[in-house]
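J.: My structure is stored as coords-v1.cif, with mmCIF, C-alpha atoms.
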```cif
data_input
#
loop_
_atom_site.label_atom_id
_atom_site.label_comp_id
_atom_site.auth_asym_id
_atom_site.auth_seq_id
_atom_site.Cartn_x
_atom_site.Cartn_y
_atom_site.Cartn_z
CA MET A 664 47.03 3.54 -7.63
CA ALA A 665 43.54 5.02 -7.35
CA THR A 666 43.36 5.70 -11.09
CA SER A 667 44.20 2.09 -11.96
CA ASN A 668 41.41 0.92 -9.61
CA ILE A 669 38.91 3.23 -11.29
CA LYS A 670 40.06 2.10 -14.73
CA THR A 671 39.52 -1.54 -13.79
CA LYS A 672 36.00 -0.82 -12.52
CA VAL A 673 35.15 0.97 -15.79
CA GLN A 674 36.61 -1.94 -17.72
CA THR A 675 34.63 -4.54 -15.74
CA ALA A 676 31.39 -2.56 -16.20
CA PHE A 677 32.14 -2.42 -19.92
CA ASP A 678 32.81 -6.15 -20.06
CA ALA A 679 29.65 -6.96 -18.11
CA LEU A 680 27.34 -4.71 -20.13
CA LYS A 681 28.82 -4.74 -23.65
CA GLU A 682 26.84 -7.74 -24.93
CA THR A 683 23.55 -6.57 -23.46
CA PHE A 684 23.76 -3.02 -24.82
CA SER A 685 26.16 -3.71 -27.76
CA TYR A 686 28.88 -1.29 -26.75
CA ALA A 687 31.83 -1.08 -29.11
CA ASN A 688 33.99 1.23 -27.00
CA VAL A 689 34.81 1.44 -23.27
CA MET A 690 33.70 5.08 -23.24
CA GLN A 691 30.14 4.07 -24.19
CA ALA A 692 29.66 2.15 -20.95
CA PRO A 693 27.89 4.13 -18.20
CA ARG A 694 29.73 5.02 -15.02
CA ILE A 695 29.00 6.77 -11.76
CA GLU A 696 29.73 10.47 -12.04
CA LYS A 697 29.09 11.64 -8.47
CA VAL A 698 27.20 10.92 -5.24
CA VAL A 699 25.28 13.71 -3.51
CA VAL A 700 24.41 13.29 0.18
CA SER A 701 21.98 15.88 1.57
CA THR A 702 19.89 16.54 4.64
CA GLY A 703 17.36 19.21 5.47
CA THR A 704 17.45 21.13 8.73
CA GLY A 705 14.18 22.94 8.04
CA ARG A 706 12.67 24.43 11.18
CA ILE A 707 15.49 23.49 13.54
CA ASP A 708 16.45 26.67 15.39
CA ASP A 709 18.87 25.13 17.88
CA LYS A 710 22.41 26.08 16.79
CA ASN A 711 23.92 23.17 18.75
CA ARG A 712 21.69 20.62 16.97
CA ILE A 713 22.58 22.10 13.57
CA ALA A 714 26.28 21.96 14.45
CA LEU A 715 25.79 18.33 15.50
CA ILE A 716 24.13 17.48 12.15
CA VAL A 717 26.94 19.17 10.21
CA GLU A 718 29.60 17.36 12.23
CA ARG A 719 27.94 13.94 11.82
CA LEU A 720 27.38 14.46 8.09
CA ALA A 721 31.08 15.32 7.75
CA THR A 722 31.98 12.18 9.72
CA ILE A 723 29.80 9.95 7.54
CA THR A 724 31.02 11.32 4.19
CA GLY A 725 34.57 12.34 5.04
CA GLN A 726 34.00 15.81 3.61
CA LYS A 727 32.70 19.08 5.04
CA PRO A 728 29.06 19.75 4.03
CA SER A 729 28.10 23.01 2.37
CA PRO A 730 25.03 24.97 3.53
CA ARG A 731 22.05 25.22 1.18
CA PRO A 732 20.02 28.46 1.34
CA ALA A 733 16.32 28.80 0.48
CA LYS A 734 15.80 29.96 -3.11
CA LYS A 735 12.65 31.96 -2.35
CA SER A 736 10.55 33.15 0.57
CA ILE A 737 7.46 31.20 1.62
CA ALA A 738 5.36 33.03 4.19
CA SER A 739 3.30 30.03 5.34
CA PHE A 740 6.53 28.22 6.32
CA LYS A 741 8.02 31.38 7.88
CA LEU A 742 10.89 30.98 5.44
CA ARG A 743 12.92 33.84 4.02
CA GLU A 744 15.08 33.79 0.93
CA GLY A 745 18.67 33.00 1.89
CA ASP A 746 17.86 31.16 5.16
CA ILE A 747 19.92 27.97 5.54
CA ILE A 748 17.49 25.03 5.17
CA GLY A 749 19.88 22.12 4.66
CA TYR A 750 23.37 20.81 4.04
CA GLN A 751 24.83 18.91 1.12
CA VAL A 752 28.00 17.00 0.27
CA THR A 753 29.05 16.13 -3.30
CA LEU A 754 31.45 13.19 -3.50
CA ARG A 755 33.60 12.32 -6.50
CA GLY A 756 36.55 10.05 -7.17
CA GLU A 757 38.06 8.00 -4.37
CA ARG A 758 35.82 9.41 -1.60
CA MET A 759 32.79 8.50 -3.71
CA GLN A 760 34.06 4.94 -4.14
CA HIS A 761 34.67 4.54 -0.39
CA PHE A 762 31.24 5.96 0.47
CA LEU A 763 29.44 3.68 -2.03
CA ASP A 764 31.33 0.67 -0.70
CA LYS A 765 30.32 1.56 2.86
CA LEU A 766 26.71 2.22 1.82
CA ILE A 767 26.27 -1.03 -0.12
CA HIS A 768 28.13 -3.44 2.15
CA ILE A 769 27.68 -2.01 5.65
CA ALA A 770 24.93 0.62 5.97
CA LEU A 771 22.07 -0.74 3.86
CA PRO A 772 22.26 -4.27 5.34
CA GLN A 773 21.97 -2.68 8.83
CA THR A 774 18.73 -0.90 7.92
CA ARG A 775 15.77 -2.26 9.83
CA ASP A 776 13.35 -4.29 7.63
CA PHE A 777 15.41 -3.61 4.50
CA ARG A 778 14.20 -5.65 1.53
CA GLY A 779 16.05 -3.87 -1.26
CA ILE A 780 15.70 -0.70 -3.29
CA LYS A 781 12.89 -0.47 -5.83
CA ALA A 782 14.14 -0.39 -9.41
CA THR A 783 11.42 2.18 -10.14
CA ALA A 784 13.42 4.69 -8.08
CA ILE A 785 15.70 5.23 -11.09
CA ASP A 786 14.63 8.35 -12.95
CA GLU A 787 14.54 8.87 -16.73
CA MET A 788 18.03 10.41 -16.75
CA GLY A 789 19.62 7.34 -15.13
CA ASN A 790 20.01 8.67 -11.58
CA ILE A 791 18.69 7.16 -8.36
CA THR A 792 17.83 8.79 -5.05
CA ILE A 793 17.72 6.70 -1.88
CA GLY A 794 16.07 8.01 1.27
CA ILE A 795 17.53 6.90 4.60
CA LYS A 796 15.40 7.49 7.69
CA GLU A 797 18.12 7.14 10.31
CA HIS A 798 21.72 8.20 9.85
CA THR A 799 22.72 5.80 12.63
CA ILE A 800 23.01 2.91 10.13
CA PHE A 801 26.50 4.17 9.28
CA PRO A 802 29.24 2.66 11.48
CA GLU A 803 30.78 6.04 12.39
CA THR A 804 27.61 7.10 14.19
CA ALA A 805 26.51 3.85 15.82
CA ASP A 806 27.13 4.97 19.43
CA GLU A 807 24.95 8.09 19.28
CA ASP A 808 22.13 9.37 21.39
CA ILE A 809 18.75 8.22 20.01
CA ARG A 810 17.09 11.67 20.17
CA ASP A 811 19.47 13.28 17.67
CA VAL A 812 18.61 11.09 14.67
CA PHE A 813 18.15 12.75 11.26
CA SER A 814 17.42 11.50 7.75
CA LEU A 815 19.51 11.63 4.59
CA ALA A 816 18.93 11.62 0.85
CA ILE A 817 21.61 9.94 -1.25
CA THR A 818 21.57 10.60 -5.00
CA ILE A 819 23.78 8.51 -7.26
CA VAL A 820 24.35 10.32 -10.56
CA THR A 821 25.35 8.15 -13.54
CA THR A 822 26.24 8.83 -17.16
CA ALA A 823 23.66 6.27 -18.34
CA LYS A 824 21.35 7.39 -21.11
CA THR A 825 18.41 5.12 -20.22
CA LYS A 826 16.84 3.59 -17.12
CA GLU A 827 17.82 0.10 -18.29
CA GLU A 828 21.51 1.02 -18.62
CA ALA A 829 21.48 2.69 -15.19
CA GLU A 830 19.81 -0.32 -13.56
CA ALA A 831 22.32 -2.72 -15.15
CA LEU A 832 25.25 -0.56 -13.96
CA LEU A 833 23.88 -0.23 -10.42
CA ARG A 834 23.22 -3.97 -10.22
CA HIS A 835 26.77 -4.57 -11.47
CA ILE A 836 28.31 -2.47 -8.67
CA GLY A 837 26.20 -4.36 -6.11
CA LEU A 838 23.33 -2.03 -5.20
CA PRO A 839 20.69 -4.30 -3.61
CA PHE A 840 17.47 -4.04 -5.62
CA GLN A 841 14.21 -5.73 -4.68
CA LYS A 842 13.53 -9.03 -6.33
CA VAL A 843 10.78 -8.79 -8.92
CA GLU A 844 7.97 -11.22 -8.17
CA GLU A 845 6.03 -12.41 -11.17
CA THR A 846 2.30 -12.84 -10.71
CA ALA A 847 0.54 -15.54 -12.67
#
```
Would you mind giving the structure from this file in structure tokens?
T.:
Amino acid sequence: MATSNIKTKVQTAFDALKETFSYANVMQAPRIEKVVVSTGTGRIDDKNRIALIVERLATITGQKPSPRPAKKSIASFKLREGDIIGYQVTLRGERMQHFLDKLIHIALPQTRDFRGIKATAIDEMGNITIGIKEHTIFPETADEDIRDVFSLAITIVTTAKTKEEAEALLRHIGLPFQKVEETA
């Protein structure tokens, strides 16, 4: 059942974008490849707080996060190569679809003073990274203590070849972009 749902979403993206970008085949239409959710723990030394961050990240994404070690030592930050400096979750398939649905329809509208995502956030390879200041916008974590708030970075990776294709695909799936105001 999940594969038929994914096929219909690919087909609707193809139908919506084929005239604009003159696609001849369904496989030419861009699609979302994966979603990467990451958070940095940085200088946090408290093992209980790190465990809390890992547990809440797992609750939000539905998947256990993997630790991310430092690639090189930096003396001014008192950082050694191999120290755990963050956690990351890579979502694909059905979990990715559920997370995107929750992000677009529940979490982003709950963000304080949210006016949309800037279209300039899409990079040249067709991916977009969204920074979220408070993880408490997700419904699973709404009843938390205010002092244990952490931020997230959500990267949506697409197969689009240009920024224009990526923006059209992301608008099609419902990602709320800022309205462009024309100045006269």
J.: So how many Å separate atom CA of A:His798 and atom CA of A:His761, to one decimal?
T.: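 Taking atom CA of A:His798 as the start and atom CA of A:His761 as the end point, the length is 16.9 Å.
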J.: Could you pull the residues within 12 Å of A:Phe740, counting all atoms listed in the file, minus those fewer than 6 positions along the same chain, as a ChimeraX atom specification?
T.: /A:705-706,733,746,748
J.: Kindly indicate which residue among A:Glu744, A:Glu787, A:Glu830, A:Asp776 lies nearest to A:Leu680, using all atoms listed in the file for the distances.
T.: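 The shortest atom-to-atom distance to A:Leu680 comes from A:Glu830.
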J.: Figure out the distance between atom CA of A:Val698 and atom CA of A:Pro730, please, to one decimal in Å.
T.: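 Atom CA of A:Val698 lies at a distance of 16.7 Å from atom CA of A:Pro730.
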J.: Can you give me, as a list in words, the residues this file yields under the PyMOL selection byres ((chain A and resi 838) around 10)?
T.: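 Selected by the PyMOL selection byres ((chain A and resi 838) around 10) in this file: Leu763, Asp764, Leu766, Ile767, His768, Leu771, Gly779, Ile780, Glu830, Leu832, Leu833, Arg834, His835, Ile836, Gly837, Pro839, Phe840 and Gln841 of chain A.
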J.: Would you put the residues from that selection into a file with C-alpha atoms, as a short mmCIF file (atom, residue, chain, number, x, y, z; two decimals), keeping the file's coordinate frame?
T.:
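Contents of the output file out_38.cif:
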```cif
data_model
loop_
_atom_site.label_atom_id
_atom_site.label_comp_id
_atom_site.auth_asym_id
_atom_site.auth_seq_id
_atom_site.Cartn_x
_atom_site.Cartn_y
_atom_site.Cartn_z
CA LEU A 763 29.44 3.68 -2.03
CA ASP A 764 31.33 0.67 -0.70
CA LEU A 766 26.71 2.22 1.82
CA ILE A 767 26.27 -1.03 -0.12
CA HIS A 768 28.13 -3.44 2.15
CA LEU A 771 22.07 -0.74 3.86
CA GLY A 779 16.05 -3.87 -1.26
CA ILE A 780 15.70 -0.70 -3.29
CA GLU A 830 19.81 -0.32 -13.56
CA LEU A 832 25.25 -0.56 -13.96
CA LEU A 833 23.88 -0.23 -10.42
CA ARG A 834 23.22 -3.97 -10.22
CA HIS A 835 26.77 -4.57 -11.47
CA ILE A 836 28.31 -2.47 -8.67
CA GLY A 837 26.20 -4.36 -6.11
CA PRO A 839 20.69 -4.30 -3.61
CA PHE A 840 17.47 -4.04 -5.62
CA GLN A 841 14.21 -5.73 -4.68
#
```
